[in-house]
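Written below as structure tokens is the structure these notes are about.
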Amino acid sequence: MSGVTVRVPAKVNIQLAVGGARPDGYHDLANVFLAVSLHDEVTVRPADRLTLTCEGPGAEQVPLDTTNLAARAALLLAERHGIAPDVHIHIAKRIPVAGGMAGGSADGAGALLACDALWGLKTPRDELLELCARLGSDVPFSLVGGAALGVGRGELLTPLEVGGTFHWVFAVADGGLSTPAVYGEFDRLTEGVRVPEPQASRALLDALREGDAPGLGAALVNDLQPAALALRPSLARTLDAGVAGGALAGLVSGSGPTTAFLTKSADAAAEVAHTLRTSGTCATTHIATSPAPGASQVSPSGD
């Protein structure tokens, strides 16, 4: 096999309930993930040694060493099976870099699945998910896709039923936001405050299951949003512009700085995207639908 290409989706957190900091520095979460039709593609080919390249918007910000989750995925899988990680990994980016949409996690899941196919390992699904969890909290969902409730650090997943197609607009900000910095600001903002145990919203899960876009919009919530807005106050103007343009609701996606807007239809999404692009409050926009499948092999030959 000369190469394998895997397509892997971005995610939006339609609910991100965050508990207080744990002794290990992580936070317990009730994290409702929804995969969206905005993808990266990860291609792996045999090589003399592990190498990594990247193209697409924001590619210059992507590390090309073993700090990259895609490279770490290849190393981890090779170690598990006692083989050399001699592979070239190429990432074609479309998911915003450092945008709170799990682009790096997606690339890790994509590389894991692609290397498993290239090397003919046929690693059981539960083992792949365990390796994903070792790579990062969001990586298991990037493999699974669809919709899921993540608890613990977000890596313990329960699939969720989705009753229809939801239409989204994502507004990409100039520059990124560090996830650790956003969690650090969350801790600062909640210092001395009793942070409740995170729980999934019944209203949100019901709206998701019923395909009820207005109901889902009313239930969207992200406990990290105040921290992201404190670090990047200009995001408030983006949120205001999207809602004024006709979105049912808007929120910061994950740790930001990408903002996500739920709309009632494809036509409404186009109108909201136009409003945002002309508002001067974001760098660019993407229109997407959800749910989307998880990491999936699209080319066994890499052609």
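The way I read the labels, and the way they are meant: chains A, B, ... in the order of the structure tokens, residue 1 as the first residue of every chain, and ligand 1 as the first ligand shown, with later ones counted on from there.
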
Find the residues near A:Phe170: any atom within 7 Å, counting only C-alpha atoms, skip ones fewer than 4 places away on the same chain, and give them as a PDB file with C-alpha atoms, in the first residue's frame.
ATOM      1  CA  THR A 258     -13.670  30.521  16.826  1.00  0.00           C
ATOM      2  CA  THR A 259     -17.317  31.421  17.400  1.00  0.00           C
ATOM      3  CA  ALA A 260     -20.162  29.114  16.354  1.00  0.00           C
ATOM      4  CA  PHE A 261     -23.612  30.209  15.193  1.00  0.00           C
ATOM      5  CA  THR A 285     -16.283  32.154   7.952  1.00  0.00           C
ATOM      6  CA  HIS A 286     -17.145  28.527   7.263  1.00  0.00           C
ATOM      7  CA  ILE A 287     -20.599  27.039   6.721  1.00  0.00           C
TER       8      ILE A 287
END

Those in stretch 54-174 of chain A with helix (DSSP H, G or I) from DSSP, as number ranges by chain: A: 59-61, 69-81, 103-118, 125-135, 139-144

Interatomic distance, atom CA of A:Arg188 to atom CA of A:Pro257 (Å, one decimal):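 Taking atom CA of A:Arg188 and atom CA of A:Pro257, their separation equals 18.7 Å.
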
Residue list (strand (DSSP E or B), DSSP) for stretch 23-116 of chain A, as a ChimeraX atom specification: /A:27-46,51-55,87-92

Nearest-residue call for A:Met101, choices A:Ala171, A:Ala249, A:Leu29, A:Val18, using only C-alpha atoms: A:Ala171

Atom-to-atom span, atom CA of A:Leu276 and atom CA of A:Trp168, Å: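 For atom CA of A:Leu276 relative to atom CA of A:Trp168, the distance reads 12.7 Å.
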
For A:Leu76: contacts at 12 Å, only C-alpha atoms, fewer than 6 positions along chain excluded, given as a PDB file with C-alpha atoms, in the first residue's frame:
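Output below, filename around.pdb:
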ATOM      1  CA  THR A  66       6.902  15.204  17.773  1.00  0.00           C
ATOM      2  CA  LEU A  69      -0.516  15.000  17.894  1.00  0.00           C
ATOM      3  CA  ALA A  70      -0.366  13.303  14.490  1.00  0.00           C
ATOM      4  CA  GLY A  82       6.696  -3.005  18.458  1.00  0.00           C
ATOM      5  CA  ILE A  83       7.431  -1.576  15.014  1.00  0.00           C
ATOM      6  CA  ALA A  84       9.374   1.417  13.687  1.00  0.00           C
ATOM      7  CA  PRO A  85       7.317   4.595  13.120  1.00  0.00           C
ATOM      8  CA  GLY A 108      -4.090  12.826  15.919  1.00  0.00           C
ATOM      9  CA  ALA A 109      -7.108  10.580  15.401  1.00  0.00           C
ATOM     10  CA  ALA A 111      -2.998   9.738  11.828  1.00  0.00           C
ATOM     11  CA  LEU A 112      -3.778   6.903  14.225  1.00  0.00           C
ATOM     12  CA  LEU A 113      -6.386   5.405  11.894  1.00  0.00           C
ATOM     13  CA  CYS A 115      -1.139   4.418  10.242  1.00  0.00           C
ATOM     14  CA  ASP A 116      -3.138   1.450  11.485  1.00  0.00           C
ATOM     15  CA  GLU A 127      -7.605  -0.195  21.777  1.00  0.00           C
ATOM     16  CA  LEU A 128      -7.608   2.665  19.280  1.00  0.00           C
ATOM     17  CA  GLU A 130      -7.610   3.925  24.551  1.00  0.00           C
ATOM     18  CA  LEU A 131      -4.662   5.253  22.537  1.00  0.00           C
ATOM     19  CA  CYS A 132      -6.747   8.289  21.555  1.00  0.00           C
ATOM     20  CA  ALA A 133      -7.431   9.034  25.229  1.00  0.00           C
ATOM     21  CA  ARG A 134      -3.690   8.876  25.947  1.00  0.00           C
ATOM     22  CA  LEU A 135      -3.095  11.442  23.214  1.00  0.00           C
TER      23      LEU A 135
END

d(atom CA of A:Thr275, atom CA of A:Ala241) in Å: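 Computing the Euclidean distance for atom CA of A:Thr275 and atom CA of A:Ala241 yields 7.3 Å.
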
Residues within 8 Å of stretch 203-214 of chain A, only C-alpha atoms, excluding chain neighbours under 6 positions, as JSON, numbers by chain: {"A": [15, 160, 161, 162, 163, 164, 165, 166, 220, 248, 262, 263, 264]}

Who sits within 9 Å of stretch 51-53 of chain A, only C-alpha atoms, same chain under 4 positions skipped, as a ChimeraX atom specification: /A:47,59,63-66,68,70-71,86-92

Okay, now the selection with N, CA and C atoms, as a compact mmCIF listing (two decimals), in the first residue's frame?
# COMPACT_ATOMS: atom_id res chain seq x y z
N ALA A 47 8.09 5.80 4.73
CA ALA A 47 9.24 6.70 4.66
C ALA A 47 10.41 6.07 5.40
N ALA A 59 -1.29 26.81 8.34
CA ALA A 59 -0.30 25.73 8.38
C ALA A 59 1.01 26.17 9.01
N PRO A 63 3.04 22.75 14.46
CA PRO A 63 4.38 22.21 14.70
C PRO A 63 4.64 20.99 13.83
N LEU A 64 5.84 20.87 13.34
CA LEU A 64 6.20 19.77 12.46
C LEU A 64 7.18 18.81 13.13
N ASP A 65 7.07 18.71 14.45
CA ASP A 65 7.93 17.81 15.21
C ASP A 65 7.05 16.88 16.03
N THR A 66 7.65 16.21 17.00
CA THR A 66 6.90 15.20 17.77
C THR A 66 5.99 15.81 18.83
N ASN A 68 3.50 17.49 17.69
CA ASN A 68 2.26 17.41 16.92
C ASN A 68 1.54 16.11 17.26
N ALA A 70 -0.43 14.31 15.55
CA ALA A 70 -0.37 13.30 14.49
C ALA A 70 0.92 12.50 14.59
N ALA A 71 2.05 13.17 14.81
CA ALA A 71 3.32 12.46 14.99
C ALA A 71 3.29 11.61 16.26
N ASP A 86 8.23 4.55 10.87
CA ASP A 86 8.82 5.14 9.66
C ASP A 86 7.71 5.49 8.67
N VAL A 87 7.24 6.71 8.76
CA VAL A 87 6.11 7.14 7.95
C VAL A 87 6.20 8.65 7.72
N HIS A 88 5.76 9.08 6.55
CA HIS A 88 5.60 10.52 6.30
C HIS A 88 4.12 10.86 6.46
N ILE A 89 3.84 11.86 7.29
CA ILE A 89 2.47 12.31 7.56
C ILE A 89 2.28 13.67 6.91
N HIS A 90 1.25 13.77 6.07
CA HIS A 90 0.92 15.06 5.48
C HIS A 90 -0.49 15.46 5.91
N ILE A 91 -0.61 16.66 6.45
CA ILE A 91 -1.90 17.17 6.93
C ILE A 91 -2.37 18.28 6.01
N ALA A 92 -3.55 18.10 5.45
CA ALA A 92 -4.21 19.16 4.68
C ALA A 92 -5.24 19.81 5.59

Selection near A:Gly175, 12 Å with only C-alpha atoms, sequence-local residues under 6 positions removed, as a PyMOL selection string: chain A and resi 57-58+60-61+96-100+232+235+256-258+282-284

Just the selected residues (N, CA and C atoms), exported as a PDB file, in the first residue's frame, please.
ATOM      1  N   PRO A  57      -4.800  26.822   5.379  1.00  0.00           N
ATOM      2  CA  PRO A  57      -4.861  28.013   6.230  1.00  0.00           C
ATOM      3  C   PRO A  57      -4.305  27.742   7.628  1.00  0.00           C
ATOM      4  N   GLY A  58      -3.376  28.589   8.058  1.00  0.00           N
ATOM      5  CA  GLY A  58      -2.789  28.441   9.385  1.00  0.00           C
ATOM      6  C   GLY A  58      -1.706  27.394   9.475  1.00  0.00           C
ATOM      7  N   GLU A  60       1.338  27.445   8.873  1.00  0.00           N
ATOM      8  CA  GLU A  60       2.599  27.930   9.449  1.00  0.00           C
ATOM      9  C   GLU A  60       2.600  27.873  10.970  1.00  0.00           C
ATOM     10  N   GLN A  61       1.431  27.746  11.586  1.00  0.00           N
ATOM     11  CA  GLN A  61       1.351  27.652  13.047  1.00  0.00           C
ATOM     12  C   GLN A  61       1.424  26.212  13.557  1.00  0.00           C
ATOM     13  N   PRO A  96      -9.882  25.318  11.531  1.00  0.00           N
ATOM     14  CA  PRO A  96      -9.063  26.428  12.029  1.00  0.00           C
ATOM     15  C   PRO A  96      -8.026  25.966  13.052  1.00  0.00           C
ATOM     16  N   VAL A  97      -6.821  26.496  12.913  1.00  0.00           N
ATOM     17  CA  VAL A  97      -5.721  26.145  13.816  1.00  0.00           C
ATOM     18  C   VAL A  97      -5.883  26.934  15.113  1.00  0.00           C
ATOM     19  N   ALA A  98      -5.755  26.234  16.258  1.00  0.00           N
ATOM     20  CA  ALA A  98      -5.908  26.866  17.581  1.00  0.00           C
ATOM     21  C   ALA A  98      -7.222  27.621  17.677  1.00  0.00           C
ATOM     22  N   GLY A  99      -8.288  27.020  17.103  1.00  0.00           N
ATOM     23  CA  GLY A  99      -9.575  27.707  17.038  1.00  0.00           C
ATOM     24  C   GLY A  99     -10.647  27.149  17.941  1.00  0.00           C
ATOM     25  N   GLY A 100     -10.310  26.164  18.793  1.00  0.00           N
ATOM     26  CA  GLY A 100     -11.324  25.598  19.675  1.00  0.00           C
ATOM     27  C   GLY A 100     -12.238  24.598  18.998  1.00  0.00           C
ATOM     28  N   ARG A 232     -10.019  37.668  25.109  1.00  0.00           N
ATOM     29  CA  ARG A 232     -10.211  38.221  23.764  1.00  0.00           C
ATOM     30  C   ARG A 232     -11.560  38.949  23.718  1.00  0.00           C
ATOM     31  N   LEU A 235     -14.278  39.178  20.797  1.00  0.00           N
ATOM     32  CA  LEU A 235     -15.193  38.110  20.399  1.00  0.00           C
ATOM     33  C   LEU A 235     -16.644  38.459  20.721  1.00  0.00           C
ATOM     34  N   GLY A 256     -12.169  28.522  22.206  1.00  0.00           N
ATOM     35  CA  GLY A 256     -12.084  29.650  21.298  1.00  0.00           C
ATOM     36  C   GLY A 256     -10.746  29.679  20.553  1.00  0.00           C
ATOM     37  N   PRO A 257     -10.580  30.757  19.741  1.00  0.00           N
ATOM     38  CA  PRO A 257     -11.446  31.931  19.592  1.00  0.00           C
ATOM     39  C   PRO A 257     -12.484  31.824  18.480  1.00  0.00           C
ATOM     40  N   THR A 258     -12.598  30.667  17.812  1.00  0.00           N
ATOM     41  CA  THR A 258     -13.670  30.521  16.826  1.00  0.00           C
ATOM     42  C   THR A 258     -15.023  30.629  17.518  1.00  0.00           C
ATOM     43  N   CYS A 282     -14.451  39.376  12.117  1.00  0.00           N
ATOM     44  CA  CYS A 282     -13.776  38.077  12.042  1.00  0.00           C
ATOM     45  C   CYS A 282     -12.921  38.035  10.789  1.00  0.00           C
ATOM     46  N   ALA A 283     -12.039  37.050  10.729  1.00  0.00           N
ATOM     47  CA  ALA A 283     -11.136  36.928   9.587  1.00  0.00           C
ATOM     48  C   ALA A 283     -11.807  36.234   8.409  1.00  0.00           C
ATOM     49  N   THR A 284     -12.561  35.181   8.690  1.00  0.00           N
ATOM     50  CA  THR A 284     -13.260  34.437   7.651  1.00  0.00           C
ATOM     51  C   THR A 284     -14.372  33.616   8.279  1.00  0.00           C
TER      52      THR A 284
END

Pick from A:Ala35, A:Val62, A:Ala270, A:Leu229, whichever lies nearest to A:Ser255 using only C-alpha atoms: A:Leu229

Contacts of stretch 189-193 of chain A within 9 Å, only C-alpha atoms, excl. fewer than 4 positions in-chain, as a PyMOL selection string: chain A and resi 20+184-185+226-227

Dump of N, CA, C and O atoms for the selected residues, as a compact mmCIF listing (two decimals), in the first residue's frame:
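Written output follows (part_31.txt):
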# COMPACT_ATOMS: atom_id res chain seq x y z
N GLY A 20 -14.61 22.34 38.84
CA GLY A 20 -13.41 22.95 39.40
C GLY A 20 -12.17 22.14 39.07
O GLY A 20 -12.24 20.98 38.65
N GLY A 184 -6.84 28.42 32.58
CA GLY A 184 -6.25 29.20 33.66
C GLY A 184 -7.08 30.42 34.01
O GLY A 184 -7.25 30.76 35.19
N GLU A 185 -7.63 31.09 32.99
CA GLU A 185 -8.49 32.25 33.23
C GLU A 185 -9.81 31.82 33.87
O GLU A 185 -10.34 32.52 34.74
N PRO A 226 -16.89 32.94 29.30
CA PRO A 226 -16.44 34.15 30.00
C PRO A 226 -14.92 34.29 30.03
O PRO A 226 -14.39 35.41 29.91
N ALA A 227 -14.22 33.16 30.19
CA ALA A 227 -12.75 33.22 30.21
C ALA A 227 -12.21 33.59 28.84
O ALA A 227 -11.29 34.43 28.73

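You can rank A:Leu34, A:Arg80, A:Ala266, A:Ala173 by their closest distance to A:Arg237 using only C-alpha atoms, and at the top of that list sits A:Ala173.
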